[in-house]
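Note: the block below is structure_38.tsv and it holds TSV, C-alpha atoms.
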chain	number	residue	atom	x	y	z
A	278	MET	CA	49.82	16.62	-0.06
A	279	LYS	CA	50.13	13.24	-1.76
A	280	LYS	CA	49.13	11.51	1.49
A	281	CYS	CA	46.00	13.68	1.79
A	282	THR	CA	45.00	13.01	-1.84
A	283	PHE	CA	45.63	9.31	-1.38
A	284	LEU	CA	43.51	9.21	1.82
A	285	PHE	CA	40.61	11.08	0.18
A	286	GLY	CA	40.83	8.79	-2.84
A	287	LEU	CA	40.83	5.73	-0.60
A	288	LEU	CA	37.91	7.10	1.44
A	289	GLY	CA	35.97	7.82	-1.77
A	290	ALA	CA	36.61	4.31	-3.08
A	291	VAL	CA	35.40	2.77	0.20
A	292	LEU	CA	32.26	4.91	0.22
A	293	LEU	CA	31.41	4.11	-3.40
A	294	THR	CA	31.93	0.38	-3.00
A	295	SER	CA	29.83	0.27	0.18
A	296	CYS	CA	26.78	1.46	-1.76
A	297	SER	CA	24.82	-1.19	-3.60
A	298	LEU	CA	24.75	0.64	-6.90
A	299	GLY	CA	23.82	-2.45	-8.89
A	300	THR	CA	20.55	-3.14	-7.10
A	301	VAL	CA	17.39	-1.13	-7.57
A	302	ASP	CA	14.50	-1.21	-5.15
A	303	SER	CA	11.80	-2.83	-7.24
A	304	ASP	CA	9.22	-3.76	-4.65
A	305	TYR	CA	6.22	-1.65	-5.66
A	306	SER	CA	2.60	-2.13	-4.68
A	307	PRO	CA	0.38	-3.65	-7.38
A	308	GLN	CA	-1.70	-1.29	-9.48
A	309	LEU	CA	-5.13	-1.29	-11.10
A	310	GLN	CA	-5.89	0.74	-14.20
A	311	ILE	CA	-9.35	1.31	-15.65
A	312	THR	CA	-8.90	0.96	-19.38
A	313	SER	CA	-12.49	1.66	-20.46
A	314	LEU	CA	-15.95	2.42	-19.12
A	315	THR	CA	-19.29	1.92	-20.83
A	316	LEU	CA	-22.71	2.78	-19.44
A	317	ASN	CA	-25.55	0.88	-21.13
A	318	GLY	CA	-23.26	0.30	-24.13
A	319	VAL	CA	-22.16	3.96	-24.47
A	320	ALA	CA	-18.48	4.76	-23.87
A	321	GLN	CA	-17.76	7.04	-20.91
A	322	THR	CA	-14.66	9.13	-20.22
A	323	THR	CA	-15.29	9.37	-16.46
A	324	LEU	CA	-17.09	7.36	-13.84
A	325	PRO	CA	-20.75	8.50	-13.72
A	326	ASP	CA	-21.89	10.34	-10.58
A	327	THR	CA	-25.22	8.52	-10.41
A	328	LEU	CA	-26.68	5.45	-12.07
A	329	ASN	CA	-30.36	4.67	-12.63
A	330	VAL	CA	-31.71	1.37	-11.33
A	331	GLY	CA	-31.23	-1.11	-14.18
A	332	ASP	CA	-28.16	0.65	-15.61
A	333	VAL	CA	-25.24	-1.57	-16.54
A	334	LEU	CA	-21.75	-0.14	-16.08
A	335	GLN	CA	-19.00	-2.16	-17.74
A	336	ILE	CA	-15.55	-1.54	-16.31
A	337	SER	CA	-12.53	-2.93	-18.15
A	338	CYS	CA	-9.47	-3.15	-15.93
A	339	LEU	CA	-5.81	-4.06	-16.11
A	340	ALA	CA	-4.15	-5.28	-12.90
A	341	ASN	CA	-0.38	-4.88	-12.89
A	342	GLY	CA	2.05	-6.36	-10.41
A	343	VAL	CA	4.66	-3.86	-11.66
A	344	SER	CA	7.83	-5.83	-10.85
A	345	LYS	CA	6.26	-8.66	-8.85
A	346	PRO	CA	3.89	-11.43	-10.03
A	347	LEU	CA	0.22	-11.15	-9.15
A	348	THR	CA	-1.16	-13.69	-6.69
A	349	ALA	CA	-4.89	-12.89	-6.50
A	350	ILE	CA	-7.55	-10.41	-7.53
A	351	GLN	CA	-10.85	-9.96	-5.75
A	352	ILE	CA	-13.85	-7.87	-6.75
A	353	ALA	CA	-16.66	-7.38	-4.22
A	354	ASN	CA	-19.89	-5.39	-4.28
A	355	ASP	CA	-22.85	-4.53	-2.07
A	356	THR	CA	-25.16	-7.35	-3.17
A	357	ILE	CA	-28.22	-5.54	-1.78
A	358	TYR	CA	-27.81	-2.77	-4.35
A	359	SER	CA	-26.10	-4.41	-7.31
A	360	ASN	CA	-25.10	-7.52	-9.26
A	361	LEU	CA	-21.69	-8.30	-10.71
A	362	SER	CA	-20.82	-10.42	-13.70
A	363	PHE	CA	-17.67	-10.89	-15.73
A	364	VAL	CA	-17.41	-10.45	-19.48
A	365	ASP	CA	-15.69	-13.18	-21.57
A	366	ILE	CA	-14.82	-15.23	-18.51
A	367	SER	CA	-14.60	-18.39	-20.62
A	368	SER	CA	-11.71	-16.92	-22.62
A	369	LEU	CA	-9.45	-16.90	-19.55
A	370	ASN	CA	-6.59	-19.33	-19.23
A	371	PRO	CA	-7.91	-22.67	-17.86
A	372	ALA	CA	-5.12	-22.64	-15.25
A	373	ILE	CA	-6.71	-19.50	-13.79
A	374	LEU	CA	-10.30	-20.72	-14.04
A	375	ASN	CA	-9.54	-24.07	-12.38
A	376	ARG	CA	-8.17	-22.33	-9.27
A	377	SER	CA	-10.55	-19.37	-9.10
A	378	ASN	CA	-14.14	-18.65	-8.16
A	379	PRO	CA	-15.38	-16.01	-10.65
A	380	SER	CA	-18.95	-16.17	-9.34
A	381	LYS	CA	-17.60	-14.83	-6.03
A	382	GLY	CA	-15.30	-12.34	-7.81
A	383	TYR	CA	-12.09	-14.13	-6.84
A	384	PHE	CA	-9.23	-14.96	-9.22
A	385	VAL	CA	-6.22	-16.96	-7.99
A	386	LEU	CA	-3.02	-16.29	-9.93
A	387	ASP	CA	-0.48	-17.50	-7.35
A	388	GLY	CA	2.33	-19.57	-8.81
A	389	LEU	CA	1.39	-18.80	-12.43
A	390	ASN	CA	4.00	-16.03	-12.83
A	391	ILE	CA	1.45	-13.54	-14.21
A	392	TYR	CA	2.44	-9.87	-14.01
A	393	THR	CA	-0.57	-8.31	-15.76
A	394	PHE	CA	-4.17	-9.48	-15.82
A	395	GLY	CA	-6.98	-7.88	-17.80
A	396	PHE	CA	-10.67	-8.37	-17.04
A	397	SER	CA	-14.06	-6.72	-17.53
A	398	VAL	CA	-16.73	-6.39	-14.85
A	399	GLN	CA	-20.40	-5.60	-15.46
A	400	TYR	CA	-21.97	-3.76	-12.54
A	401	LYS	CA	-25.77	-3.62	-12.61
A	402	ALA	CA	-27.59	-1.28	-10.22
A	403	THR	CA	-30.58	-3.22	-8.83
A	404	LYS	CA	-31.81	-0.97	-6.01
A	405	ALA	CA	-31.72	2.79	-5.40
A	406	ASN	CA	-29.22	4.12	-2.88
A	407	LYS	CA	-28.25	7.71	-2.26
A	408	ASP	CA	-25.19	7.02	-0.08
A	409	GLY	CA	-23.44	4.90	-2.69
A	410	ALA	CA	-22.90	1.18	-2.97
A	411	ASN	CA	-19.34	-0.07	-2.62
A	412	LEU	CA	-17.45	-1.72	-5.45
A	413	LEU	CA	-14.13	-2.93	-4.09
A	414	PHE	CA	-11.13	-4.14	-6.10
A	415	VAL	CA	-8.29	-5.86	-4.22
A	416	VAL	CA	-5.08	-6.62	-6.11
A	417	ASN	CA	-2.49	-8.91	-4.49
A	418	SER	CA	1.06	-9.61	-5.55
A	419	THR	CA	4.22	-10.96	-3.95
A	420	SER	CA	5.19	-7.38	-3.03
A	421	GLN	CA	5.55	-6.51	0.63
A	422	TYR	CA	3.21	-3.57	-0.12
A	423	SER	CA	0.38	-5.87	-1.12
A	424	PRO	CA	-2.63	-5.97	-1.10
A	425	ARG	CA	-3.69	-2.77	-2.81
A	426	LYS	CA	-7.36	-1.79	-2.48
A	427	TYR	CA	-9.44	0.42	-4.74
A	428	LEU	CA	-12.92	1.46	-3.65
A	429	MET	CA	-15.64	2.99	-5.84
A	430	LYS	CA	-18.89	4.40	-4.47
A	431	LEU	CA	-21.71	4.14	-6.99
A	432	CYS	CA	-25.03	5.88	-6.27
A	433	ALA	CA	-28.26	4.80	-7.95
A	434	LYS	CA	-31.66	6.45	-8.17
Show me this structure written as structure tokens.
Amino acid sequence: MKKCTFLFGLLGAVLLTSCSLGTVDSDYSPQLQITSLTLNGVAQTTLPDTLNVGDVLQISCLANGVSKPLTAIQIANDTIYSNLSFVDISSLNPAILNRSNPSKGYFVLDGLNIYTFGFSVQYKATKANKDGANLLFVVNSTSQYSPRKYLMKLCAK
């Protein structure tokens, strides 16, 4: 009986030590959170179904690399139907601005060890479209599950 108990104890010890209990899988895809929306200066709780031509939708976002540093963020739109601009772009860290191209919606964060990045985008509907104009957010990090894409369809009348 003692031999059987000893063998099961030894087997249990081998099984427990073969597991890597100290390491946690922390390679998550980057995330994007909308922190606030305003339509023509009025706060919104949800994304509007339809915009009128000339409406300005301000979207405040927070990109999060979760456990990995962010490397780049890109925001793209259908230029036929809308214009994009960024709010308070001059308040960004000069290290980000020197490497980025905000007029093209591209922010380079690689090598800066930044895990979260907040920004505000102003989307202005310039032409009516019933099928919806694309507004694409791409968040990159050093994660193997990167990039992460978020697509919004915004209709205008």
- Please provide the set of residues having any atom within 6 Å of region 428-432 of chain A, restricted to only C-alpha atoms, with same-chain residues fewer than 5 positions apart removed, written as an MDAnalysis selection string. chainID A and resid 327 406:407 409:413
- Skip region 310-319 of chain A itself and residues of its chain fewer than 5 positions away, then list as an MDAnalysis selection string all residues within 7 Å of it, counting all atoms listed in the file. chainID A and resid 332:340
- Message: Calculated over all atoms listed in the file, which of the candidates A:Ala372, A:Ala349, A:Ile357, A:Ala433 has the smallest distance to Val330 (chain A)?
- Response: A:Ala433
- Note on the structure: Counting only C-alpha atoms, closest pick from A:Ser423, A:Thr322, A:Ser418, A:Asn329 relative to Leu386 (chain A) is A:Ser418
- Contacts of Tyr392 (chain A) within 8 Å, only C-alpha atoms, excl. fewer than 5 positions in-chain, as an MDAnalysis selection string: chainID A and resid 341:347
